[in-house]
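What's in data_33.tsv: TSV, C-alpha atoms
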```tsv
chain	number	residue	atom	x	y	z
I	1	ARG	CA	0.00	0.00	0.00
I	2	LYS	CA	1.31	3.46	-0.90
I	3	GLU	CA	2.24	5.69	2.04
I	4	VAL	CA	0.00	8.49	0.77
I	5	GLU	CA	-2.55	7.71	-1.91
I	6	GLN	CA	-4.45	10.17	-4.07
I	7	ASP	CA	-6.54	9.96	-7.22
I	8	PRO	CA	-4.27	11.51	-9.86
I	9	GLY	CA	-7.16	13.01	-11.85
I	10	PRO	CA	-7.32	15.16	-13.86
I	11	PHE	CA	-10.48	16.72	-12.51
I	12	ASN	CA	-11.87	19.05	-15.18
I	13	VAL	CA	-14.50	21.35	-13.70
I	14	PRO	CA	-16.25	24.55	-14.83
I	15	GLU	CA	-15.62	27.83	-13.06
I	16	GLY	CA	-17.78	28.14	-9.98
I	17	ALA	CA	-18.00	24.41	-9.36
I	18	THR	CA	-17.32	22.71	-6.06
I	19	VAL	CA	-14.70	19.98	-6.17
I	20	ALA	CA	-13.51	17.52	-3.52
I	21	PHE	CA	-10.22	15.67	-3.28
I	22	ASN	CA	-9.55	12.69	-1.07
I	23	CYS	CA	-6.39	11.14	0.27
I	24	THR	CA	-5.54	8.14	2.45
I	25	TYR	CA	-2.33	7.48	4.35
I	26	SER	CA	-0.95	4.22	5.65
I	27	ASN	CA	1.25	5.19	8.61
I	28	SER	CA	-0.88	5.58	11.73
I	29	ALA	CA	2.09	7.27	13.46
I	30	SER	CA	1.67	10.32	11.21
I	31	GLN	CA	1.34	13.43	13.34
I	32	SER	CA	0.50	16.36	11.14
I	33	PHE	CA	-1.11	16.82	7.78
I	34	PHE	CA	-1.12	19.41	5.04
I	35	TRP	CA	-2.41	20.26	1.61
I	36	TYR	CA	0.13	21.86	-0.71
I	37	ARG	CA	-0.47	23.05	-4.25
I	38	GLN	CA	2.06	22.72	-7.03
I	39	ASP	CA	1.94	24.56	-10.31
I	40	CYS	CA	3.68	22.99	-13.30
I	41	ARG	CA	7.45	22.71	-12.66
I	42	LYS	CA	7.24	24.94	-9.58
I	43	GLU	CA	7.80	24.33	-5.89
I	44	PRO	CA	5.09	22.97	-3.57
I	45	LYS	CA	3.34	25.86	-1.80
I	46	LEU	CA	1.45	25.40	1.44
I	47	LEU	CA	-2.28	25.67	0.98
I	48	MET	CA	-3.36	24.77	4.49
I	49	SER	CA	-2.71	22.58	7.49
I	50	VAL	CA	-5.35	19.96	8.27
I	51	TYR	CA	-6.81	19.40	11.74
I	52	SER	CA	-9.14	16.74	13.12
I	53	SER	CA	-11.70	19.40	13.95
I	54	GLY	CA	-11.77	20.48	10.33
I	55	ASN	CA	-10.61	23.88	9.20
I	56	GLU	CA	-11.62	26.42	6.63
I	57	ASP	CA	-9.70	29.12	4.81
I	58	GLY	CA	-11.93	31.12	2.51
I	59	ARG	CA	-13.16	28.81	-0.25
I	60	PHE	CA	-11.06	25.89	1.00
I	61	THR	CA	-12.11	23.38	3.67
I	62	ALA	CA	-9.90	20.55	4.91
I	63	GLN	CA	-10.87	17.60	7.05
I	64	LEU	CA	-8.95	14.82	8.77
I	65	ASN	CA	-10.31	11.49	9.97
I	66	ARG	CA	-7.57	9.81	12.00
I	67	ALA	CA	-9.56	6.62	12.58
I	68	SER	CA	-9.97	6.07	8.83
I	69	GLN	CA	-6.59	7.64	7.98
I	70	TYR	CA	-8.36	9.84	5.50
I	71	ILE	CA	-7.86	13.49	4.52
I	72	SER	CA	-10.05	15.63	2.32
I	73	LEU	CA	-9.99	19.00	0.63
I	74	LEU	CA	-13.06	20.84	-0.62
I	75	ILE	CA	-12.79	23.80	-2.97
I	76	ARG	CA	-15.92	25.90	-3.41
I	77	ASP	CA	-16.61	28.38	-6.21
I	78	SER	CA	-13.52	27.27	-8.10
I	79	LYS	CA	-11.55	29.86	-10.07
I	80	LEU	CA	-9.36	29.51	-13.15
I	81	SER	CA	-6.41	30.30	-10.88
I	82	ASP	CA	-7.15	27.18	-8.81
I	83	SER	CA	-5.87	25.04	-11.70
I	84	ALA	CA	-2.87	23.19	-10.25
I	85	THR	CA	-1.84	19.88	-8.74
I	86	TYR	CA	-2.97	19.43	-5.13
I	87	LEU	CA	-0.59	17.44	-2.96
I	88	CYS	CA	-1.70	15.56	0.13
I	89	VAL	CA	1.23	15.65	2.55
I	90	VAL	CA	1.80	13.77	5.80
I	91	ASN	CA	4.46	14.52	8.40
I	92	ILE	CA	6.09	11.82	10.48
I	93	ASP	CA	8.31	12.60	13.47
I	94	PHE	CA	11.08	10.14	14.37
I	95	THR	CA	12.19	9.28	17.87
I	96	GLY	CA	15.69	10.53	17.10
I	97	GLY	CA	14.32	14.03	16.59
I	98	GLY	CA	14.12	14.06	12.80
I	99	ASN	CA	11.01	14.28	10.71
I	100	LYS	CA	10.02	14.06	7.09
I	101	LEU	CA	7.15	14.96	4.80
I	102	THR	CA	5.68	12.19	2.69
I	103	PHE	CA	3.89	13.37	-0.44
I	104	GLY	CA	1.11	11.85	-2.45
I	105	THR	CA	1.46	11.87	-6.23
I	106	GLY	CA	-1.00	14.76	-6.37
I	107	THR	CA	-4.41	15.34	-7.90
I	108	GLN	CA	-4.52	17.53	-10.97
I	109	LEU	CA	-7.30	20.11	-11.17
I	110	LYS	CA	-8.22	21.99	-14.33
I	111	VAL	CA	-10.81	24.72	-13.97
I	112	GLU	CA	-12.36	25.72	-17.29
I	113	LEU	CA	-14.49	28.63	-18.53
K	114	GLU	CA	7.07	37.47	3.30
K	115	PRO	CA	10.41	35.72	4.01
K	116	GLU	CA	11.23	32.93	1.62
K	117	VAL	CA	13.68	30.11	0.99
K	118	THR	CA	16.04	30.88	-1.88
K	119	GLN	CA	17.95	28.38	-3.99
K	120	THR	CA	20.80	28.72	-6.47
K	121	PRO	CA	21.35	27.98	-9.25
K	122	SER	CA	17.91	27.66	-10.81
K	123	HIS	CA	19.29	25.25	-13.41
K	124	GLN	CA	22.51	23.21	-13.30
K	125	VAL	CA	23.77	21.13	-16.22
K	126	THR	CA	26.59	18.73	-15.36
K	127	GLN	CA	28.44	15.87	-16.98
K	128	MET	CA	27.91	12.41	-15.46
K	129	GLY	CA	30.56	11.67	-12.84
K	130	GLN	CA	31.10	15.30	-11.90
K	131	GLU	CA	30.47	16.77	-8.48
K	132	VAL	CA	27.68	19.27	-8.02
K	133	ILE	CA	26.75	21.56	-5.13
K	134	LEU	CA	23.25	22.94	-4.76
K	135	ARG	CA	22.82	25.93	-2.51
K	136	CYS	CA	19.97	27.10	-0.31
K	137	VAL	CA	19.36	30.00	2.05
K	138	PRO	CA	16.59	28.97	4.46
K	139	ILE	CA	14.28	31.43	6.20
K	140	SER	CA	16.39	33.18	8.84
K	141	ASN	CA	14.63	32.13	12.08
K	142	HIS	CA	14.01	28.55	10.97
K	143	LEU	CA	15.79	25.72	12.76
K	144	TYR	CA	15.04	22.65	10.63
K	145	PHE	CA	16.30	22.17	7.08
K	146	TYR	CA	15.49	19.64	4.39
K	147	TRP	CA	16.25	18.51	0.88
K	148	TYR	CA	13.68	16.84	-1.37
K	149	ARG	CA	13.82	15.85	-4.99
K	150	GLN	CA	11.21	15.39	-7.72
K	151	ILE	CA	11.99	13.41	-10.83
K	152	LEU	CA	9.97	14.69	-13.80
K	153	GLY	CA	6.44	13.32	-13.68
K	154	GLN	CA	6.89	11.72	-10.26
K	155	LYS	CA	6.09	12.66	-6.69
K	156	VAL	CA	8.22	14.75	-4.34
K	157	GLU	CA	10.60	12.49	-2.36
K	158	PHE	CA	12.33	13.17	0.95
K	159	LEU	CA	16.13	13.05	0.94
K	160	VAL	CA	17.40	14.36	4.26
K	161	SER	CA	16.55	16.44	7.32
K	162	PHE	CA	19.07	18.54	9.26
K	163	TYR	CA	18.79	20.01	12.72
K	164	ASN	CA	21.26	21.34	15.26
K	165	ASN	CA	24.13	21.01	12.79
K	166	GLU	CA	23.65	17.35	12.06
K	167	ILE	CA	21.58	15.01	9.92
K	168	SER	CA	18.51	13.94	11.88
K	169	GLU	CA	16.99	11.63	9.27
K	170	LYS	CA	17.79	10.46	5.76
K	171	SER	CA	16.10	8.31	3.14
K	172	GLU	CA	17.43	5.31	1.20
K	173	ILE	CA	18.05	7.64	-1.74
K	174	PHE	CA	20.57	9.64	0.34
K	175	ASP	CA	23.52	7.28	-0.07
K	176	ASP	CA	27.25	7.90	0.30
K	177	GLN	CA	27.28	10.05	-2.83
K	178	PHE	CA	25.20	12.69	-1.06
K	179	SER	CA	26.21	15.04	1.72
K	180	VAL	CA	24.81	18.17	3.32
K	181	GLU	CA	26.48	21.02	5.10
K	182	ARG	CA	25.62	24.26	6.82
K	183	PRO	CA	28.95	26.02	6.37
K	184	ASP	CA	27.87	29.30	7.96
K	185	GLY	CA	24.83	30.75	9.66
K	186	SER	CA	22.80	31.15	6.50
K	187	ASN	CA	23.63	28.64	3.76
K	188	PHE	CA	22.56	25.00	3.54
K	189	THR	CA	24.14	22.94	0.75
K	190	LEU	CA	23.57	19.58	-0.89
K	191	LYS	CA	26.57	17.96	-2.55
K	192	ILE	CA	26.43	15.04	-4.96
K	193	ARG	CA	29.94	13.65	-5.34
K	194	SER	CA	29.77	11.67	-8.58
K	195	THR	CA	26.55	12.38	-10.42
K	196	LYS	CA	24.60	9.71	-12.30
K	197	LEU	CA	22.04	10.11	-15.05
K	198	GLU	CA	19.30	9.13	-12.60
K	199	ASP	CA	20.18	12.11	-10.38
K	200	SER	CA	18.49	14.35	-12.95
K	201	ALA	CA	15.58	15.91	-11.08
K	202	MET	CA	14.26	19.06	-9.46
K	203	TYR	CA	15.84	19.50	-6.03
K	204	PHE	CA	13.90	21.46	-3.44
K	205	CYS	CA	15.24	22.88	-0.21
K	206	ALA	CA	12.79	23.46	2.63
K	207	SER	CA	12.94	24.93	6.10
K	208	MET	CA	10.71	24.83	9.15
K	209	GLN	CA	10.60	27.04	12.21
K	210	ALA	CA	9.60	24.44	14.81
K	211	GLY	CA	8.21	20.94	15.12
K	212	ASN	CA	4.82	20.20	13.51
K	213	GLN	CA	4.89	23.50	11.64
K	214	PRO	CA	4.58	23.52	7.85
K	215	GLN	CA	7.74	23.37	5.81
K	216	HIS	CA	8.40	26.19	3.35
K	217	PHE	CA	9.99	25.32	0.03
K	218	GLY	CA	12.44	27.14	-2.20
K	219	ASP	CA	11.70	27.37	-5.91
K	220	GLY	CA	14.10	24.53	-6.68
K	221	THR	CA	17.19	23.75	-8.71
K	222	ARG	CA	16.69	21.78	-11.89
K	223	LEU	CA	19.64	19.39	-12.17
K	224	SER	CA	20.31	17.90	-15.60
K	225	ILE	CA	22.99	15.21	-15.88
K	226	LEU	CA	24.33	14.57	-19.37
```

Whole structure given in structure tokens:
Amino acid sequence: RKEVEQDPGPFNVPEGATVAFNCTYSNSASQSFFWYRQDCRKEPKLLMSVYSSGNEDGRFTAQLNRASQYISLLIRDSKLSDSATYLCVVNIDFTGGGNKLTFGTGTQLKVEL
Amino acid sequence: EPEVTQTPSHQVTQMGQEVILRCVPISNHLYFYWYRQILGQKVEFLVSFYNNEISEKSEIFDDQFSVERPDGSNFTLKIRSTKLEDSAMYFCASMQAGNQPQHFGDGTRLSIL
């Protein structure tokens, strides 16, 4: 089983649509969770952290279900500028003090006129 | 907004040559990382660095790789004898404290001929 699994898409949606992305992770020791967005050949940019209580930032809502090891991202009223690849990212801390981010392969979103 | 900067943006090197990729993390950050992304694939963790030593490394980070923080600002990744399969985008990231998001530089595209 992949460490972080996402549907690669692409999701082609019209402007104004609501779109949802899902992600599952395999390591139950994962401590913190994020959604990053990546534009073509650019660096990953933090979109938002994800908390068990759910959190919202404008048109974006993220949710975490630790029992199911499942993370979601909802984008409302999508804009052309939302077109990008959305990366589900899981952080694992190690007992020696180190940590690492594990990335999913990303879900590609294309918002069209 | 403070950002992570990386140089060069593109490095072309002959196979077998040494290459050094440079990064200036965000100034008050304490944790430093290198990731790589082969074209069309997911972002992969290479190494984490804290308190002037490697805190975690992946299987990819073999004896050909090394990292250094030679002064208070720079963080470098050295590949001693490059291989064709080292061709990738290399991202530096930094983090202020545990469980915070990591912030990425805009990457160095490494092309091995």

Problem set entry | Selection: 12 Å around I:Gly58, only C-alpha atoms, excl. self and same-chain fewer than 6 positions, as a PyMOL selection string | chain I and resi 47-48+74-78

For this session: Give as an MDAnalysis selection string every residue, naming chains and numbers as the document does, that has an atom within 12 Å of (4.1, 24.1, -3.3), counting only C-alpha atoms.
Result: (chainID I and resid 34:48 84:89 103 106) or (chainID K and resid 156 204:206 214:220)

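Counting all atoms listed in the file, stretch 122-127 of chain K has the following residues at most 6 Å away, ignoring those fewer than 2 positions along the same chain: Thr120, Gln130, Thr221, Arg222, Leu223, Ser224, Ile225 and Leu226 of chain K.
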
Show me a table, sorted first by chain and then by increasing residue number, of the residues of chain K having an atom at most 12 Å from chain I, each with its shortest atom pair and the distance in Å to one decimal, counting only C-alpha atoms and written as a tab-separated table.
```
residue	atom	partner	partner_atom	distance
K:Glu116	CA	I:Lys45	CA	11.1
K:Val117	CA	I:Glu43	CA	10.7
K:Thr118	CA	I:Glu43	CA	11.3
K:Gln119	CA	I:Glu43	CA	11.1
K:Ser122	CA	I:Lys42	CA	11.1
K:Leu143	CA	I:Gly98	CA	11.8
K:Tyr144	CA	I:Gly98	CA	8.9
K:Phe145	CA	I:Gly98	CA	10.2
K:Tyr146	CA	I:Lys100	CA	8.3
K:Trp147	CA	I:Lys100	CA	9.9
K:Tyr148	CA	I:Leu101	CA	9.2
K:Arg149	CA	I:Glu43	CA	10.4
K:Gln150	CA	I:Arg41	CA	9.6
K:Ile151	CA	I:Arg41	CA	10.5
K:Leu152	CA	I:Arg41	CA	8.5
K:Gly153	CA	I:Thr105	CA	9.1
K:Gln154	CA	I:Thr105	CA	6.8
K:Lys155	CA	I:Thr105	CA	4.7
K:Val156	CA	I:Phe103	CA	6.0
K:Glu157	CA	I:Phe103	CA	7.0
K:Phe158	CA	I:Lys100	CA	6.6
K:Leu159	CA	I:Lys100	CA	8.7
K:Val160	CA	I:Lys100	CA	7.9
K:Ser161	CA	I:Gly98	CA	6.4
K:Phe162	CA	I:Gly98	CA	7.6
K:Tyr163	CA	I:Gly98	CA	7.6
K:Asn164	CA	I:Gly97	CA	10.2
K:Glu166	CA	I:Gly98	CA	10.1
K:Ile167	CA	I:Gly98	CA	8.1
K:Ser168	CA	I:Gly98	CA	4.5
K:Glu169	CA	I:Gly98	CA	5.2
K:Lys170	CA	I:Lys100	CA	8.7
K:Ser171	CA	I:Lys100	CA	9.3
K:Ala201	CA	I:Arg41	CA	10.7
K:Met202	CA	I:Arg41	CA	8.4
K:Tyr203	CA	I:Glu43	CA	9.4
K:Phe204	CA	I:Glu43	CA	7.2
K:Cys205	CA	I:Glu43	CA	9.5
K:Ala206	CA	I:Pro44	CA	9.9
K:Ser207	CA	I:Lys100	CA	11.3
K:Met208	CA	I:Asn99	CA	10.7
K:Ala210	CA	I:Asn99	CA	11.0
K:Gly211	CA	I:Asn99	CA	8.5
K:Asn212	CA	I:Ser32	CA	6.2
K:Gln213	CA	I:Ser32	CA	8.4
K:Pro214	CA	I:Ser49	CA	7.4
K:Gln215	CA	I:Leu46	CA	7.9
K:His216	CA	I:Lys45	CA	7.2
K:Phe217	CA	I:Glu43	CA	6.4
K:Gly218	CA	I:Glu43	CA	6.6
K:Asp219	CA	I:Glu43	CA	4.9
K:Gly220	CA	I:Glu43	CA	6.4
K:Thr221	CA	I:Glu43	CA	9.8
K:Arg222	CA	I:Arg41	CA	9.3
```

Keeping only C-alpha atoms, take the residues you just selected and write them out as a PDB file, keeping the file's coordinate frame.
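And here's out_26.pdb as it stands now:
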```
ATOM      1  CA  GLU K 116      11.230  32.930   1.620  1.00  0.00           C
ATOM      2  CA  VAL K 117      13.680  30.110   0.990  1.00  0.00           C
ATOM      3  CA  THR K 118      16.040  30.880  -1.880  1.00  0.00           C
ATOM      4  CA  GLN K 119      17.950  28.380  -3.990  1.00  0.00           C
ATOM      5  CA  SER K 122      17.910  27.660 -10.810  1.00  0.00           C
ATOM      6  CA  LEU K 143      15.790  25.720  12.760  1.00  0.00           C
ATOM      7  CA  TYR K 144      15.040  22.650  10.630  1.00  0.00           C
ATOM      8  CA  PHE K 145      16.300  22.170   7.080  1.00  0.00           C
ATOM      9  CA  TYR K 146      15.490  19.640   4.390  1.00  0.00           C
ATOM     10  CA  TRP K 147      16.250  18.510   0.880  1.00  0.00           C
ATOM     11  CA  TYR K 148      13.680  16.840  -1.370  1.00  0.00           C
ATOM     12  CA  ARG K 149      13.820  15.850  -4.990  1.00  0.00           C
ATOM     13  CA  GLN K 150      11.210  15.390  -7.720  1.00  0.00           C
ATOM     14  CA  ILE K 151      11.990  13.410 -10.830  1.00  0.00           C
ATOM     15  CA  LEU K 152       9.970  14.690 -13.800  1.00  0.00           C
ATOM     16  CA  GLY K 153       6.440  13.320 -13.680  1.00  0.00           C
ATOM     17  CA  GLN K 154       6.890  11.720 -10.260  1.00  0.00           C
ATOM     18  CA  LYS K 155       6.090  12.660  -6.690  1.00  0.00           C
ATOM     19  CA  VAL K 156       8.220  14.750  -4.340  1.00  0.00           C
ATOM     20  CA  GLU K 157      10.600  12.490  -2.360  1.00  0.00           C
ATOM     21  CA  PHE K 158      12.330  13.170   0.950  1.00  0.00           C
ATOM     22  CA  LEU K 159      16.130  13.050   0.940  1.00  0.00           C
ATOM     23  CA  VAL K 160      17.400  14.360   4.260  1.00  0.00           C
ATOM     24  CA  SER K 161      16.550  16.440   7.320  1.00  0.00           C
ATOM     25  CA  PHE K 162      19.070  18.540   9.260  1.00  0.00           C
ATOM     26  CA  TYR K 163      18.790  20.010  12.720  1.00  0.00           C
ATOM     27  CA  ASN K 164      21.260  21.340  15.260  1.00  0.00           C
ATOM     28  CA  GLU K 166      23.650  17.350  12.060  1.00  0.00           C
ATOM     29  CA  ILE K 167      21.580  15.010   9.920  1.00  0.00           C
ATOM     30  CA  SER K 168      18.510  13.940  11.880  1.00  0.00           C
ATOM     31  CA  GLU K 169      16.990  11.630   9.270  1.00  0.00           C
ATOM     32  CA  LYS K 170      17.790  10.460   5.760  1.00  0.00           C
ATOM     33  CA  SER K 171      16.100   8.310   3.140  1.00  0.00           C
ATOM     34  CA  ALA K 201      15.580  15.910 -11.080  1.00  0.00           C
ATOM     35  CA  MET K 202      14.260  19.060  -9.460  1.00  0.00           C
ATOM     36  CA  TYR K 203      15.840  19.500  -6.030  1.00  0.00           C
ATOM     37  CA  PHE K 204      13.900  21.460  -3.440  1.00  0.00           C
ATOM     38  CA  CYS K 205      15.240  22.880  -0.210  1.00  0.00           C
ATOM     39  CA  ALA K 206      12.790  23.460   2.630  1.00  0.00           C
ATOM     40  CA  SER K 207      12.940  24.930   6.100  1.00  0.00           C
ATOM     41  CA  MET K 208      10.710  24.830   9.150  1.00  0.00           C
ATOM     42  CA  ALA K 210       9.600  24.440  14.810  1.00  0.00           C
ATOM     43  CA  GLY K 211       8.210  20.940  15.120  1.00  0.00           C
ATOM     44  CA  ASN K 212       4.820  20.200  13.510  1.00  0.00           C
ATOM     45  CA  GLN K 213       4.890  23.500  11.640  1.00  0.00           C
ATOM     46  CA  PRO K 214       4.580  23.520   7.850  1.00  0.00           C
ATOM     47  CA  GLN K 215       7.740  23.370   5.810  1.00  0.00           C
ATOM     48  CA  HIS K 216       8.400  26.190   3.350  1.00  0.00           C
ATOM     49  CA  PHE K 217       9.990  25.320   0.030  1.00  0.00           C
ATOM     50  CA  GLY K 218      12.440  27.140  -2.200  1.00  0.00           C
ATOM     51  CA  ASP K 219      11.700  27.370  -5.910  1.00  0.00           C
ATOM     52  CA  GLY K 220      14.100  24.530  -6.680  1.00  0.00           C
ATOM     53  CA  THR K 221      17.190  23.750  -8.710  1.00  0.00           C
ATOM     54  CA  ARG K 222      16.690  21.780 -11.890  1.00  0.00           C
TER      55      ARG K 222
END
```

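Atom CA of I:Ser30 sits 16.9 Å away from atom CA of I:Gly54.
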
For this session: Just give me the gap between atom CA of K:Ser186 and atom CA of K:Pro115 in Å, one decimal is fine.
Result: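 Here the two named atoms are 13.4 Å from each other.
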
For this session: Could you give me, as a list in words, the residues that have an atom at most 6 Å away from the point (-4.5, 4.9, 1.5) in the coordinates of the file, using only C-alpha atoms?
Result: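 Applying the cut-off with only C-alpha atoms, one gets Val4, Glu5, Thr24, Tyr25 and Ser26 of chain I.
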
Problem set entry | Surrounding residues of I:Glu15 excluding itself and chain neighbours under 2 positions, 7 Å, only C-alpha atoms, as a VMD selection string | chain I and resid 13 17 77 to 80 111 to 113

Problem set entry | Distance of atom CA of I:Gln108 from atom CA of I:Asn12, expressed in Å to one decimal place | 8.6 Å

Problem set entry | Nearest to I:Ala20 by atom-to-atom distance, counting all atoms listed in the file, from I:Ser81, I:Ser72, I:Gln6, I:Thr107 | I:Ser72

Exercise. Pick the closest to K:Val132 from K:Leu197, K:Ile173, K:Val180, K:Leu190: which is it, counting all atoms listed in the file?
Worked result: K:Leu190

Exercise. With only C-alpha atoms as the basis for distance, which of I:Ser83, I:Thr18, I:Val90, I:Val50 is at the shortest distance from I:Lys110?
Worked result: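 Nearest to I:Lys110: I:Ser83.
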
Size and centre in Å, one decimal, axis-aligned box, all listed stretch 126-131 of chain K atoms plus 8 Å per side, as JSON:
```
{"center_x": 28.8, "center_y": 15.2, "center_z": -12.7, "size_x": 20.5, "size_y": 23.1, "size_z": 24.5}
```

Would you mind writing stretch 114-122 of chain K with all heavy atoms, as a short mmCIF file (atom, residue, chain, number, x, y, z; two decimals), in the coordinates of the input?
```cif
data_model
loop_
_atom_site.label_atom_id
_atom_site.label_comp_id
_atom_site.auth_asym_id
_atom_site.auth_seq_id
_atom_site.Cartn_x
_atom_site.Cartn_y
_atom_site.Cartn_z
N GLU K 114 7.03 38.72 2.53
CA GLU K 114 7.07 37.47 3.30
C GLU K 114 8.43 36.79 3.08
O GLU K 114 8.90 36.67 1.96
CB GLU K 114 5.95 36.54 2.78
CG GLU K 114 5.81 35.27 3.56
CD GLU K 114 4.67 34.41 3.05
OE1 GLU K 114 3.65 34.95 2.59
OE2 GLU K 114 4.79 33.18 3.10
N PRO K 115 9.09 36.36 4.17
CA PRO K 115 10.41 35.72 4.01
C PRO K 115 10.26 34.43 3.20
O PRO K 115 9.23 33.76 3.25
CB PRO K 115 10.83 35.41 5.45
CG PRO K 115 9.63 35.55 6.28
CD PRO K 115 8.68 36.45 5.58
N GLU K 116 11.31 34.11 2.45
CA GLU K 116 11.23 32.93 1.62
C GLU K 116 12.57 32.18 1.59
O GLU K 116 13.61 32.75 1.93
CB GLU K 116 10.81 33.29 0.20
CG GLU K 116 11.68 34.34 -0.46
CD GLU K 116 11.18 34.74 -1.84
OE1 GLU K 116 9.95 34.69 -2.07
OE2 GLU K 116 12.01 35.09 -2.67
N VAL K 117 12.50 30.94 1.18
CA VAL K 117 13.68 30.11 0.99
C VAL K 117 14.20 30.37 -0.42
O VAL K 117 13.42 30.37 -1.37
CB VAL K 117 13.31 28.61 1.15
CG1 VAL K 117 14.52 27.73 0.88
CG2 VAL K 117 12.72 28.34 2.53
N THR K 118 15.49 30.63 -0.55
CA THR K 118 16.04 30.88 -1.88
C THR K 118 17.05 29.80 -2.24
O THR K 118 17.80 29.31 -1.38
CB THR K 118 16.72 32.27 -1.96
OG1 THR K 118 17.73 32.35 -0.94
CG2 THR K 118 15.72 33.38 -1.74
N GLN K 119 17.05 29.43 -3.52
CA GLN K 119 17.95 28.38 -3.99
C GLN K 119 18.72 28.85 -5.22
O GLN K 119 18.18 29.58 -6.06
CB GLN K 119 17.15 27.12 -4.39
CG GLN K 119 16.55 26.39 -3.21
CD GLN K 119 15.89 25.10 -3.62
OE1 GLN K 119 14.70 24.92 -3.44
NE2 GLN K 119 16.67 24.17 -4.18
N THR K 120 19.98 28.44 -5.29
CA THR K 120 20.80 28.72 -6.47
C THR K 120 21.63 27.49 -6.82
O THR K 120 22.01 26.72 -5.92
CB THR K 120 21.76 29.91 -6.22
OG1 THR K 120 22.52 29.65 -5.04
CG2 THR K 120 20.99 31.22 -6.09
N PRO K 121 21.94 27.27 -8.10
CA PRO K 121 21.35 27.98 -9.25
C PRO K 121 19.94 27.49 -9.53
O PRO K 121 19.51 26.51 -8.95
CB PRO K 121 22.32 27.59 -10.38
CG PRO K 121 22.74 26.20 -10.02
CD PRO K 121 22.84 26.17 -8.51
N SER K 122 19.24 28.14 -10.44
CA SER K 122 17.91 27.66 -10.81
C SER K 122 18.02 26.45 -11.73
O SER K 122 17.15 25.59 -11.73
CB SER K 122 17.10 28.78 -11.47
OG SER K 122 17.79 29.28 -12.58
#
```
